$ cat model.tsv   # TSV, C-alpha atoms and all ligand atoms
chain	number	residue	atom	x	y	z
K	23	MET	CA	49.20	40.28	-63.12
K	24	GLN	CA	50.00	38.99	-59.63
K	25	LEU	CA	52.34	36.30	-58.33
K	26	CYS	CA	51.30	34.69	-55.00
K	27	SER	CA	54.05	33.24	-52.81
K	28	GLY	CA	52.94	32.03	-49.33
K	29	ASN	CA	51.14	34.96	-47.73
K	30	THR	CA	52.86	37.48	-49.95
K	31	THR	CA	51.45	38.84	-53.16
K	32	ILE	CA	53.85	40.44	-55.60
K	33	GLU	CA	52.55	42.80	-58.29
K	34	LEU	CA	54.17	42.05	-61.64
K	35	ASN	CA	54.65	45.02	-63.91
K	36	HIS	CA	53.71	44.63	-67.55
K	37	PRO	CA	56.73	45.27	-69.72
K	38	SER	CA	56.06	48.83	-70.84
K	39	THR	CA	58.47	48.57	-73.74
K	40	ILE	CA	56.34	46.19	-75.80
K	41	SER	CA	54.72	47.99	-78.68
K	42	SER	CA	52.27	46.10	-80.85
K	43	LYS	CA	53.54	44.77	-84.16
K	44	LEU	CA	49.97	45.05	-85.45
K	45	PRO	CA	48.77	48.27	-83.81
K	46	LYS	CA	45.80	48.73	-86.14
K	47	ASN	CA	44.35	45.25	-85.63
K	48	GLY	CA	41.75	44.34	-83.05
K	49	THR	CA	39.60	41.21	-82.80
K	50	SER	CA	38.50	39.99	-86.22
K	51	ILE	CA	34.96	40.92	-87.27
K	52	PHE	CA	34.18	37.21	-87.71
K	53	SER	CA	34.70	36.59	-84.00
K	54	VAL	CA	32.89	39.82	-83.09
K	55	MET	CA	29.77	39.03	-85.14
K	56	SER	CA	29.68	35.36	-84.15
K	57	SER	CA	29.83	36.17	-80.45
K	58	LEU	CA	27.21	38.91	-80.89
K	59	ALA	CA	25.02	36.33	-82.67
K	60	ASN	CA	25.48	33.90	-79.76
K	61	GLU	CA	24.81	36.57	-77.17
K	62	HIS	CA	21.54	37.59	-78.84
K	63	ALA	CA	20.49	34.11	-80.02
K	64	ALA	CA	20.55	35.36	-83.60
K	65	ILE	CA	20.71	33.20	-86.74
K	66	ASN	CA	24.37	33.30	-87.62
K	67	LEU	CA	24.94	33.94	-91.33
K	68	SER	CA	28.06	35.96	-90.54
K	69	GLN	CA	31.09	33.66	-90.31
K	70	GLY	CA	31.69	31.38	-93.29
K	71	PHE	CA	31.03	27.88	-92.04
K	72	PRO	CA	28.38	25.25	-92.77
K	73	ASP	CA	25.80	24.46	-90.10
K	74	PHE	CA	25.47	20.88	-91.39
K	75	TYR	CA	27.60	17.80	-90.82
K	76	PRO	CA	30.41	16.53	-93.01
K	77	ASP	CA	29.97	13.23	-94.85
K	78	GLN	CA	29.69	10.35	-92.36
K	79	ARG	CA	32.29	8.41	-94.41
K	80	LEU	CA	34.83	11.17	-93.78
K	81	MET	CA	34.23	11.13	-90.03
K	82	ASP	CA	34.47	7.32	-89.97
K	83	LEU	CA	37.75	7.51	-91.85
K	84	VAL	CA	39.24	9.77	-89.16
K	85	THR	CA	38.35	7.17	-86.52
K	86	GLU	CA	39.75	4.45	-88.76
K	87	GLY	CA	42.95	6.49	-89.20
K	88	MET	CA	43.39	6.66	-85.43
K	89	ARG	CA	42.66	2.93	-85.09
K	90	ILE	CA	45.22	1.89	-87.70
K	91	GLY	CA	48.00	3.97	-86.21
K	92	TYR	CA	47.92	7.50	-87.62
K	93	ASN	CA	48.47	9.09	-84.23
K	94	GLN	CA	52.01	10.47	-84.28
K	95	TYR	CA	53.71	13.26	-86.24
K	96	ALA	CA	52.95	13.11	-89.94
K	97	PRO	CA	55.83	13.83	-92.33
K	98	MET	CA	56.57	17.59	-92.38
K	99	PRO	CA	55.16	18.18	-95.92
K	100	GLY	CA	52.13	15.92	-95.35
K	101	LEU	CA	51.27	12.24	-95.74
K	102	MET	CA	52.58	11.08	-99.10
K	103	ALA	CA	49.27	9.33	-99.85
K	104	LEU	CA	47.46	12.66	-99.46
K	105	ARG	CA	50.00	14.64	-101.46
K	106	GLU	CA	49.75	12.10	-104.28
K	107	VAL	CA	46.01	12.31	-104.48
K	108	ILE	CA	46.15	16.15	-104.38
K	109	ALA	CA	48.60	16.07	-107.29
K	110	HIS	CA	46.35	13.65	-109.14
K	111	LYS	CA	43.28	15.83	-108.57
K	112	THR	CA	45.16	18.92	-109.76
K	113	LYS	CA	46.33	17.14	-112.91
K	114	SER	CA	42.85	15.90	-113.74
K	115	LEU	CA	41.16	19.27	-113.14
K	116	TYR	CA	43.79	21.76	-114.28
K	117	ASN	CA	46.10	19.64	-116.42
K	118	THR	CA	49.28	20.62	-114.60
K	119	ASP	CA	51.74	18.24	-112.99
K	120	TYR	CA	52.80	18.97	-109.43
K	121	ASN	CA	55.42	16.67	-107.96
K	122	PRO	CA	53.95	15.39	-104.66
K	123	ASP	CA	57.44	15.10	-103.24
K	124	THR	CA	58.63	18.63	-103.91
K	125	GLU	CA	55.65	20.77	-104.94
K	126	VAL	CA	52.68	19.86	-102.72
K	127	THR	CA	52.56	20.77	-99.02
K	128	VAL	CA	49.75	19.96	-96.59
K	129	VAL	CA	49.18	22.80	-94.11
K	130	PRO	CA	46.92	23.43	-91.09
K	131	GLY	CA	44.40	25.56	-92.98
K	132	ALA	CA	44.52	28.00	-95.87
K	133	THR	CA	45.08	30.96	-93.54
K	134	TYR	CA	48.27	29.30	-92.39
K	135	GLY	CA	49.27	28.48	-95.99
K	136	ILE	CA	48.81	32.15	-96.91
K	137	PHE	CA	50.82	33.31	-93.90
K	138	ALA	CA	53.64	30.85	-94.61
K	139	ALA	CA	53.72	31.74	-98.32
K	140	ILE	CA	53.91	35.48	-97.62
K	141	THR	CA	56.47	35.04	-94.85
K	142	SER	CA	58.67	32.89	-97.03
K	143	VAL	CA	59.18	35.50	-99.77
K	144	VAL	CA	58.21	39.00	-98.58
K	145	ARG	CA	60.97	41.11	-97.01
K	146	GLU	CA	61.26	44.55	-95.44
K	147	GLY	CA	60.17	47.20	-97.94
K	148	ASP	CA	58.68	44.79	-100.50
K	149	GLU	CA	55.34	45.80	-101.96
K	150	VAL	CA	52.44	43.38	-102.24
K	151	ILE	CA	49.46	44.25	-104.43
K	152	LEU	CA	46.09	42.97	-103.28
K	153	PHE	CA	42.49	43.68	-104.09
K	154	GLU	CA	39.88	45.16	-101.80
K	155	PRO	CA	37.53	44.11	-100.36
K	156	ALA	CA	40.13	41.59	-99.16
K	157	TYR	CA	40.03	38.58	-96.90
K	158	ASP	CA	41.36	39.78	-93.57
K	159	CYS	CA	44.54	37.71	-93.16
K	160	TYR	CA	46.52	39.10	-96.11
K	161	VAL	CA	47.48	42.52	-94.80
K	162	PRO	CA	48.68	41.50	-91.29
K	163	ALA	CA	50.84	38.75	-92.80
K	164	ILE	CA	52.43	41.24	-95.21
K	165	GLU	CA	53.01	43.78	-92.43
K	166	LEU	CA	54.54	41.23	-90.03
K	167	SER	CA	57.13	40.54	-92.74
K	168	GLY	CA	57.91	44.25	-93.07
K	169	GLY	CA	56.17	44.42	-96.44
K	170	LYS	CA	53.91	47.18	-97.69
K	171	PRO	CA	50.36	46.30	-98.75
K	172	ILE	CA	49.26	48.13	-101.90
K	173	GLN	CA	45.49	47.96	-102.07
K	174	VAL	CA	43.52	48.23	-105.30
K	175	GLU	CA	39.74	48.58	-105.04
K	176	LEU	CA	37.61	46.17	-107.02
K	177	LYS	CA	34.98	48.08	-108.94
K	178	PHE	CA	31.59	48.01	-107.24
K	179	PRO	CA	29.05	46.47	-107.93
K	180	ASN	CA	30.66	43.77	-110.11
K	181	PHE	CA	33.94	43.74	-108.21
K	182	ASN	CA	36.05	43.49	-111.34
K	183	ILE	CA	39.72	44.46	-111.54
K	184	ASP	CA	40.96	47.55	-113.34
K	185	TRP	CA	44.19	46.07	-114.70
K	186	ASP	CA	45.36	49.45	-116.03
K	187	GLU	CA	45.34	50.68	-112.44
K	188	VAL	CA	47.35	47.61	-111.39
K	189	ALA	CA	49.86	48.18	-114.19
K	190	LYS	CA	50.55	51.70	-112.87
K	191	LEU	CA	51.34	50.32	-109.40
K	192	ILE	CA	53.89	47.72	-110.45
K	193	ASN	CA	57.50	48.72	-109.87
K	194	PHE	CA	60.84	47.19	-108.86
K	195	ARG	CA	59.63	46.82	-105.24
K	196	THR	CA	56.59	44.71	-106.21
K	197	LYS	CA	57.26	41.26	-104.79
K	198	MET	CA	53.83	39.67	-104.89
K	199	ILE	CA	50.30	39.98	-106.23
K	200	ILE	CA	47.51	38.27	-104.30
K	201	ILE	CA	44.44	37.10	-106.18
K	202	ASN	CA	41.38	35.33	-104.80
K	203	THR	CA	38.87	33.50	-106.98
K	204	PRO	CA	36.03	32.74	-106.30
K	205	HIS	CA	36.22	35.82	-104.17
K	206	ASN	CA	35.34	36.35	-100.53
K	207	PRO	CA	33.36	38.50	-99.73
K	208	SER	CA	31.99	39.51	-103.14
K	209	GLY	CA	31.29	36.14	-104.77
K	210	SER	CA	32.89	37.40	-108.01
K	211	VAL	CA	35.20	35.20	-110.10
K	212	LEU	CA	38.20	35.96	-112.27
K	213	LYS	CA	37.69	35.42	-116.00
K	214	GLU	CA	40.10	34.27	-118.73
K	215	GLU	CA	40.60	37.92	-119.69
K	216	ASP	CA	41.74	38.75	-116.13
K	217	ILE	CA	44.26	35.94	-116.25
K	218	ARG	CA	45.51	37.11	-119.66
K	219	ARG	CA	46.03	40.64	-118.32
K	220	LEU	CA	47.74	39.42	-115.15
K	221	THR	CA	50.04	37.07	-117.07
K	222	LYS	CA	51.06	39.90	-119.37
K	223	LEU	CA	51.75	42.22	-116.42
K	224	VAL	CA	54.08	39.84	-114.61
K	225	HIS	CA	55.81	38.50	-117.71
K	226	GLY	CA	59.58	38.89	-117.45
K	227	SER	CA	59.43	39.99	-113.77
K	228	ASP	CA	60.22	38.18	-110.50
K	229	ILE	CA	56.76	38.86	-109.12
K	230	VAL	CA	55.28	35.94	-107.20
K	231	ILE	CA	51.54	35.26	-107.36
K	232	LEU	CA	49.62	34.09	-104.32
K	233	SER	CA	46.39	32.59	-105.57
K	234	ASP	CA	43.81	32.02	-102.84
K	235	GLU	CA	41.52	29.35	-104.29
K	236	VAL	CA	39.77	28.06	-101.20
K	237	TYR	CA	36.39	28.16	-103.01
K	238	GLU	CA	37.72	26.40	-106.13
K	239	HIS	CA	34.90	23.83	-106.02
K	240	ILE	CA	32.12	26.35	-105.34
K	241	ILE	CA	31.49	28.13	-108.64
K	242	PHE	CA	28.14	28.76	-110.30
K	243	ASP	CA	26.21	29.09	-113.54
K	244	SER	CA	28.44	28.75	-116.59
K	245	ASN	CA	31.61	30.00	-114.86
K	246	GLN	CA	34.76	27.86	-114.89
K	247	HIS	CA	37.33	28.12	-112.11
K	248	THR	CA	40.40	29.94	-113.42
K	249	SER	CA	42.97	28.25	-111.20
K	250	ALA	CA	46.50	29.60	-111.58
K	251	ALA	CA	47.40	25.94	-112.12
K	252	LEU	CA	45.68	26.05	-115.51
K	253	TYR	CA	48.15	28.58	-116.89
K	254	PRO	CA	51.79	27.43	-117.04
K	255	GLU	CA	53.12	31.00	-117.12
K	256	LEU	CA	51.30	31.76	-113.86
K	257	ALA	CA	51.75	28.35	-112.25
K	258	GLU	CA	55.54	28.63	-112.47
K	259	ARG	CA	55.47	31.70	-110.18
K	260	SER	CA	52.45	30.88	-107.98
K	261	PHE	CA	51.61	29.66	-104.54
K	262	ILE	CA	48.12	28.17	-104.90
K	263	VAL	CA	46.25	27.74	-101.64
K	264	SER	CA	43.24	25.48	-101.12
K	265	SER	CA	41.21	24.49	-98.06
K	266	PHE	CA	39.68	21.11	-97.21
K	267	GLY	CA	37.56	22.98	-94.68
K	268	LYS	CA	35.57	24.62	-97.50
K	269	THR	CA	35.42	21.54	-99.69
K	270	TYR	CA	34.41	18.98	-97.07
K	271	HIS	CA	32.32	21.12	-94.66
K	272	THR	CA	35.05	20.77	-92.04
K	273	THR	CA	36.25	24.31	-91.36
K	274	GLY	CA	36.92	23.32	-87.74
K	275	TRP	CA	39.45	20.70	-88.80
K	276	LYS	CA	41.73	23.42	-90.22
K	277	MET	CA	43.52	21.72	-93.07
K	278	GLY	CA	44.49	22.76	-96.57
K	279	TYR	CA	47.38	22.59	-98.97
K	280	VAL	CA	49.75	24.73	-100.99
K	281	LEU	CA	50.83	23.96	-104.55
K	282	ALA	CA	53.96	25.73	-105.78
K	283	PRO	CA	56.98	25.05	-107.98
K	284	GLU	CA	59.93	23.47	-106.23
K	285	ASN	CA	61.88	26.67	-105.55
K	286	LEU	CA	58.89	28.33	-103.87
K	287	THR	CA	57.86	25.16	-102.03
K	288	LYS	CA	61.37	24.89	-100.61
K	289	GLU	CA	61.06	28.34	-99.05
K	290	LEU	CA	57.49	27.72	-97.85
K	291	ARG	CA	58.55	24.53	-96.09
K	292	LYS	CA	61.40	26.34	-94.32
K	293	VAL	CA	58.73	28.44	-92.62
K	294	HIS	CA	56.27	25.58	-92.15
K	295	GLN	CA	58.80	23.32	-90.41
K	296	TYR	CA	59.26	25.89	-87.63
K	297	LEU	CA	55.64	27.01	-87.41
K	298	ALA	CA	53.51	23.85	-87.16
K	299	PHE	CA	56.03	21.34	-88.54
K	300	SER	CA	53.24	18.96	-89.55
K	301	VAL	CA	49.48	18.55	-89.68
K	302	ASN	CA	47.34	16.10	-87.71
K	303	SER	CA	47.68	12.57	-89.07
K	304	PRO	CA	44.26	10.86	-88.84
K	305	MET	CA	42.51	13.65	-90.71
K	306	GLN	CA	45.16	13.60	-93.43
K	307	TYR	CA	44.50	9.89	-93.76
K	308	ALA	CA	40.75	10.52	-94.02
K	309	TYR	CA	41.10	13.20	-96.71
K	310	SER	CA	43.56	11.03	-98.65
K	311	VAL	CA	40.82	8.42	-99.04
K	312	MET	CA	37.93	10.83	-99.70
K	313	LEU	CA	39.84	12.79	-102.32
K	314	GLN	CA	40.23	9.65	-104.42
K	315	ASP	CA	36.54	9.96	-105.20
K	316	PRO	CA	35.98	13.04	-107.41
K	317	THR	CA	32.25	13.01	-106.66
K	318	THR	CA	33.14	14.23	-103.16
K	319	TYR	CA	34.14	17.62	-104.58
K	320	ASN	CA	32.62	17.72	-108.06
K	321	GLY	CA	29.06	17.95	-106.74
K	322	LEU	CA	29.78	20.93	-104.53
K	323	SER	CA	29.02	23.67	-107.06
K	324	SER	CA	25.55	22.35	-107.85
K	325	MET	CA	24.79	21.78	-104.15
K	326	TYR	CA	25.74	25.35	-103.24
K	327	GLN	CA	24.15	26.84	-106.35
K	328	ALA	CA	20.88	25.24	-105.27
K	329	LYS	CA	21.34	26.83	-101.82
K	330	ARG	CA	22.10	30.23	-103.33
K	331	ASP	CA	19.00	30.02	-105.53
K	332	PHE	CA	16.84	28.78	-102.66
K	333	PHE	CA	17.94	31.66	-100.41
K	334	VAL	CA	17.74	34.33	-103.11
K	335	ASP	CA	14.26	33.21	-104.26
K	336	LEU	CA	13.00	33.50	-100.71
K	337	ILE	CA	14.20	37.07	-100.28
K	338	ARG	CA	13.25	38.39	-103.71
K	339	GLY	CA	10.27	40.19	-102.25
K	340	SER	CA	12.32	41.88	-99.51
K	341	ARG	CA	13.65	45.45	-99.54
K	342	PHE	CA	17.23	44.19	-99.84
K	343	GLU	CA	18.84	44.43	-103.27
K	344	ILE	CA	20.37	41.10	-104.34
K	345	GLN	CA	23.89	41.37	-105.74
K	346	PRO	CA	25.41	38.95	-108.28
K	347	CYS	CA	27.10	35.85	-106.83
K	348	SER	CA	29.16	33.65	-109.16
K	349	GLY	CA	31.03	31.58	-106.58
K	350	SER	CA	31.90	31.06	-102.88
K	351	TYR	CA	29.10	30.63	-100.36
K	352	PHE	CA	28.39	34.28	-99.70
K	353	GLN	CA	25.49	36.38	-100.90
K	354	LEU	CA	25.79	40.15	-100.78
K	355	LEU	CA	22.68	42.20	-100.06
K	356	LYS	CA	22.50	45.97	-100.50
K	357	TYR	CA	20.36	47.71	-97.92
K	358	ASP	CA	20.34	51.38	-98.97
K	359	ARG	CA	16.57	51.20	-99.60
K	360	ILE	CA	16.13	50.38	-95.92
K	361	SER	CA	18.64	52.54	-94.07
K	362	ASP	CA	21.50	54.97	-94.52
K	363	GLU	CA	23.25	53.75	-91.39
K	364	LYS	CA	26.91	52.73	-91.64
K	365	ASP	CA	27.13	49.03	-92.52
K	366	GLU	CA	28.86	48.02	-89.25
K	367	LEU	CA	26.13	49.67	-87.20
K	368	PHE	CA	23.37	48.29	-89.39
K	369	ALA	CA	24.80	44.73	-89.17
K	370	LYS	CA	25.00	44.98	-85.38
K	371	ARG	CA	21.46	46.33	-85.19
K	372	LEU	CA	20.15	43.50	-87.36
K	373	THR	CA	21.83	41.02	-85.02
K	374	ILE	CA	20.51	42.57	-81.83
K	375	ASP	CA	17.03	43.75	-82.91
K	376	HIS	CA	16.14	41.28	-85.67
K	377	LYS	CA	18.22	38.26	-84.60
K	378	ILE	CA	20.11	37.78	-87.82
K	379	ALA	CA	23.89	38.16	-88.07
K	380	SER	CA	25.87	39.09	-91.18
K	381	ILE	CA	29.22	40.68	-91.99
K	382	PRO	CA	29.46	44.35	-93.02
K	383	ILE	CA	31.59	44.66	-96.16
K	384	SER	CA	33.42	47.84	-95.11
K	385	VAL	CA	35.61	45.78	-92.75
K	386	PHE	CA	37.28	44.24	-95.79
K	387	TYR	CA	38.60	47.67	-96.85
K	388	ARG	CA	41.51	49.61	-95.40
K	389	ASN	CA	39.49	52.85	-95.69
K	390	LYS	CA	36.23	51.21	-94.60
K	391	THR	CA	34.56	51.88	-97.95
K	392	ASP	CA	30.85	51.61	-97.25
K	393	ASN	CA	28.62	50.64	-100.18
K	394	LYS	CA	25.80	49.73	-97.78
K	395	VAL	CA	26.27	46.04	-98.39
K	396	LEU	CA	26.18	43.07	-96.00
K	397	ARG	CA	27.53	39.55	-96.58
K	398	PHE	CA	25.33	36.56	-95.73
K	399	CYS	CA	26.74	33.02	-95.66
K	400	PHE	CA	24.36	30.54	-97.28
K	401	ALA	CA	26.32	27.40	-96.32
K	402	LYS	CA	23.40	26.56	-94.06
K	403	SER	CA	20.59	24.05	-93.89
K	404	ASN	CA	17.49	24.99	-95.90
K	405	GLU	CA	15.63	25.32	-92.63
K	406	THR	CA	18.14	27.93	-91.36
K	407	LEU	CA	17.94	29.76	-94.69
K	408	GLU	CA	14.14	29.76	-94.55
K	409	ARG	CA	14.15	31.24	-91.04
K	410	ALA	CA	16.72	33.83	-92.10
K	411	ALA	CA	14.75	34.80	-95.20
K	412	GLU	CA	11.58	35.18	-93.19
K	413	ILE	CA	13.33	37.75	-90.99
K	414	LEU	CA	14.94	39.57	-93.90
K	415	CYS	CA	11.58	39.90	-95.68
K	416	LYS	CA	10.13	41.69	-92.63
K	417	ILE	CA	12.89	44.32	-92.42
C	501	LIG	C1	39.22	33.79	-99.14
C	501	LIG	C2	39.59	32.92	-97.99
C	501	LIG	N1	40.87	32.53	-97.86
C	501	LIG	C3	41.26	31.74	-96.85
C	501	LIG	C4	40.37	31.31	-95.90
C	501	LIG	C5	40.84	30.47	-94.75
C	501	LIG	O1	40.61	29.11	-94.91
C	501	LIG	P1	40.99	28.12	-93.71
C	501	LIG	O2	39.79	28.02	-92.83
C	501	LIG	O3	41.32	26.82	-94.40
C	501	LIG	O4	42.16	28.69	-93.00
C	501	LIG	C6	39.03	31.70	-95.99
C	501	LIG	C7	38.06	31.30	-94.95
C	501	LIG	O5	37.01	31.85	-94.79
C	501	LIG	C8	38.63	32.52	-97.06
C	501	LIG	O6	37.36	32.92	-97.20
$ encode --input "model.tsv" --output "structure tokens"
Amino acid sequence: MQLCSGNTTIELNHPSTISSKLPKNGTSIFSVMSSLANEHAAINLSQGFPDFYPDQRLMDLVTEGMRIGYNQYAPMPGLMALREVIAHKTKSLYNTDYNPDTEVTVVPGATYGIFAAITSVVREGDEVILFEPAYDCYVPAIELSGGKPIQVELKFPNFNIDWDEVAKLINFRTKMIIINTPHNPSGSVLKEEDIRRLTKLVHGSDIVILSDEVYEHIIFDSNQHTSAALYPELAERSFIVSSFGKTYHTTGWKMGYVLAPENLTKELRKVHQYLAFSVNSPMQYAYSVMLQDPTTYNGLSSMYQAKRDFFVDLIRGSRFEIQPCSGSYFQLLKYDRISDEKDELFAKRLTIDHKIASIPISVFYRNKTDNKVLRFCFAKSNETLERAAEILCKI
């Protein structure tokens, strides 16, 4: 770095004493694969975002919000109208009352909600159990708080949890267990039996649950979403995180919410008020109106199930092996009949040589477990999916 003053240039030394707080982390694979896709003009099924527009009504409501005065700081926990409709939605779907005043907090995206929840309760030396493959923001958040991530591998290929293994890992240092259903990247979902086992394990302890439910409205076949809100014994110790980005095809608007009992919400808001303080007002207004209409989220499962089926039917004749997908908008494809390359290399090669980008699953594991599986996002127009399938069938 240089500082120019008149004709003199002064070299500034980088402070050599700064050591990274996250030495193992580089740029996230989502950014890496998306920019590789752009560079090589590849179809981008890597990062999880829709390539279609949100509902026109929602976009009009944002403009309306700006016009009628929602342009300054919103209240720190979120617009009351939005918190009320979130509480109402939660009651009608999961039959649990959350007080909009003290138990619902609007946040700038689920990633932020997860970070704030972890930061608000995890201290130096605390252990946090999570399941791998894991969404990439959990571990850095735990480590920045001085906590220790304790990873448990989901059992391939169904990605189910071995609760006996979890039981052996619980001890007096266990502060939190993170669950994610429907699950990214595997598309698996937790069943009633999983919830029963988890409830039993934490009974009588101070363990907090962080339930990442960003795909709560994207669940397929005969599966029902097992929100932690459905189970009073879990709800009373849970942060539940949801994302409007996933529900309303607006990942770029970065907004979500956290449900938690009053004592946990109090701590979460202490972090939130010094991190973002509040979330942009006109979009909160827009969501508060949209959310009053349950058809805006209730139809999502069938819409995405149709996309999953459309995509999967098109690639049935390919050499990729289709893995089960019960929720989320990700389809895993096993490629060991095509190549024995490492998944990161194979994914990069597909992007560069075949013009189709995906995410290698090994990046979701601490030890880079490689089951020769790639993740493809099917939140795309049918035309994009058709073009993608055509390529995949030729590989
Ligand atoms: C499992 C999971 N949790 C959290 C998030 C983050 O959601 P947001 O974009 O609202 O921060 C994502 C996004 O891909 C996700 O897949």
$ atom_distance --input "model.tsv" --atom1 "CA of Asp123 in chain K" --atom2 "CA of Val107 in chain K"
11.8 Å
$ closest_residue --input "model.tsv" --among "K:Tyr95, K:Phe261, K:Phe352, K:Tyr120" --to "ligand LIG 501 (chain C)" --atoms "only C-alpha atoms and all ligand atoms"
K:Phe352
$ residues_near_ligand --input "model.tsv" --ligand "ligand LIG 501 (chain C)" --cutoff "7 Å" --atoms "all atoms listed in the file" --output "number ranges by chain"
K: 70, 131-134, 157, 202, 205-206, 234, 236, 265-268, 273, 276-278
$ write_last_selection --input "model.tsv" --atoms "C-alpha atoms" --output "compact mmCIF listing (two decimals), keeping the file's coordinate frame"
# COMPACT_ATOMS: atom_id res chain seq x y z
CA GLY K 70 31.69 31.38 -93.29
CA GLY K 131 44.40 25.56 -92.98
CA ALA K 132 44.52 28.00 -95.87
CA THR K 133 45.08 30.96 -93.54
CA TYR K 134 48.27 29.30 -92.39
CA TYR K 157 40.03 38.58 -96.90
CA ASN K 202 41.38 35.33 -104.80
CA HIS K 205 36.22 35.82 -104.17
CA ASN K 206 35.34 36.35 -100.53
CA ASP K 234 43.81 32.02 -102.84
CA VAL K 236 39.77 28.06 -101.20
CA SER K 265 41.21 24.49 -98.06
CA PHE K 266 39.68 21.11 -97.21
CA GLY K 267 37.56 22.98 -94.68
CA LYS K 268 35.57 24.62 -97.50
CA THR K 273 36.25 24.31 -91.36
CA LYS K 276 41.73 23.42 -90.22
CA MET K 277 43.52 21.72 -93.07
CA GLY K 278 44.49 22.76 -96.57
$ residues_around --input "model.tsv" --residues "Ile90 in chain K" --least-positions-apart "3" --cutoff "12 Å" --atoms "only C-alpha atoms" --output "PyMOL selection string"
chain K and resi 83-87+93-94+303-304+307-308
$ write_last_selection --input "model.tsv" --atoms "C-alpha atoms" --output "PDB file, keeping the file's coordinate frame"
ATOM      1  CA  LEU K  83      37.750   7.510 -91.850  1.00  0.00           C
ATOM      2  CA  VAL K  84      39.240   9.770 -89.160  1.00  0.00           C
ATOM      3  CA  THR K  85      38.350   7.170 -86.520  1.00  0.00           C
ATOM      4  CA  GLU K  86      39.750   4.450 -88.760  1.00  0.00           C
ATOM      5  CA  GLY K  87      42.950   6.490 -89.200  1.00  0.00           C
ATOM      6  CA  ASN K  93      48.470   9.090 -84.230  1.00  0.00           C
ATOM      7  CA  GLN K  94      52.010  10.470 -84.280  1.00  0.00           C
ATOM      8  CA  SER K 303      47.680  12.570 -89.070  1.00  0.00           C
ATOM      9  CA  PRO K 304      44.260  10.860 -88.840  1.00  0.00           C
ATOM     10  CA  TYR K 307      44.500   9.890 -93.760  1.00  0.00           C
ATOM     11  CA  ALA K 308      40.750  10.520 -94.020  1.00  0.00           C
TER      12      ALA K 308
END
$ closest_residue --input "model.tsv" --among "K:Leu286, K:Ala401, K:Val385, K:Leu372" --to "Ile240 in chain K" --atoms "only C-alpha atoms"
K:Ala401
$ residues_around --input "model.tsv" --residues "Asp392 in chain K" --least-positions-apart "5" --cutoff "8 Å" --atoms "all atoms listed in the file" --output "MDAnalysis selection string"
chainID K and resid 364:365 383:384
$ atom_distance --input "model.tsv" --atom1 "CA of Arg330 in chain K" --atom2 "CA of Tyr75 in chain K"
18.5 Å
$ closest_residue --input "model.tsv" --among "K:Lys213, K:Arg219, K:Lys390, K:Lys329" --to "Asp186 in chain K" --atoms "all atoms listed in the file"
K:Arg219
$ atom_distance --input "model.tsv" --atom1 "CA of Ile108 in chain K" --atom2 "CA of Leu313 in chain K"
7.4 Å
$ closest_residue --input "model.tsv" --among "K:Glu214, K:Asp331, K:Glu106, K:Glu149" --to "Ser348 in chain K" --atoms "all atoms listed in the file"
K:Asp331
$ residues_around --input "model.tsv" --residues "Asp228 in chain K" --least-positions-apart "5" --cutoff "12 Å" --atoms "only C-alpha atoms" --output "MDAnalysis selection string"
chainID K and resid 143 192:199 223 256 258:260 286
$ write_last_selection --input "model.tsv" --atoms "C-alpha atoms" --output "PDB file, in the frame of the given file"
ATOM      1  CA  VAL K 143      59.180  35.500 -99.770  1.00  0.00           C
ATOM      2  CA  ILE K 192      53.890  47.720-110.450  1.00  0.00           C
ATOM      3  CA  ASN K 193      57.500  48.720-109.870  1.00  0.00           C
ATOM      4  CA  PHE K 194      60.840  47.190-108.860  1.00  0.00           C
ATOM      5  CA  ARG K 195      59.630  46.820-105.240  1.00  0.00           C
ATOM      6  CA  THR K 196      56.590  44.710-106.210  1.00  0.00           C
ATOM      7  CA  LYS K 197      57.260  41.260-104.790  1.00  0.00           C
ATOM      8  CA  MET K 198      53.830  39.670-104.890  1.00  0.00           C
ATOM      9  CA  ILE K 199      50.300  39.980-106.230  1.00  0.00           C
ATOM     10  CA  LEU K 223      51.750  42.220-116.420  1.00  0.00           C
ATOM     11  CA  LEU K 256      51.300  31.760-113.860  1.00  0.00           C
ATOM     12  CA  GLU K 258      55.540  28.630-112.470  1.00  0.00           C
ATOM     13  CA  ARG K 259      55.470  31.700-110.180  1.00  0.00           C
ATOM     14  CA  SER K 260      52.450  30.880-107.980  1.00  0.00           C
ATOM     15  CA  LEU K 286      58.890  28.330-103.870  1.00  0.00           C
TER      16      LEU K 286
END
$ closest_residue --input "model.tsv" --among "K:Ala109, K:Thr248, K:His239, K:Ala369" --to "Leu212 in chain K" --atoms "only C-alpha atoms"
K:Thr248
$ closest_residue --input "model.tsv" --among "K:Gly209, K:Pro283, K:Pro316, K:Pro382" --to "Asp119 in chain K" --atoms "all atoms listed in the file"
K:Pro283
$ residues_around --input "model.tsv" --residues "Asn117 in chain K" --least-positions-apart "4" --cutoff "7 Å" --atoms "all atoms listed in the file" --output "VMD selection string"
chain K and resid 112 to 113 252
$ residues_near_point --input "model.tsv" --point "(57.7, 16.4, -102.8)" --cutoff "12 Å" --atoms "all atoms listed in the file" --output "count of residues only"
31
$ residues_near_point --input "model.tsv" --point "(29.5, 47.4, -102.5)" --cutoff "7 Å" --atoms "all atoms listed in the file" --output "PyMOL selection string"
chain K and resi 178-179+392-395
$ axis_aligned_box --input "model.tsv" --around "range 41-59 of chain K" --padding-each-side "6 Å" --output "JSON"
{"center_x": 39.9, "center_y": 42.0, "center_z": -83.2, "size_x": 41.7, "size_y": 25.4, "size_z": 21.0}
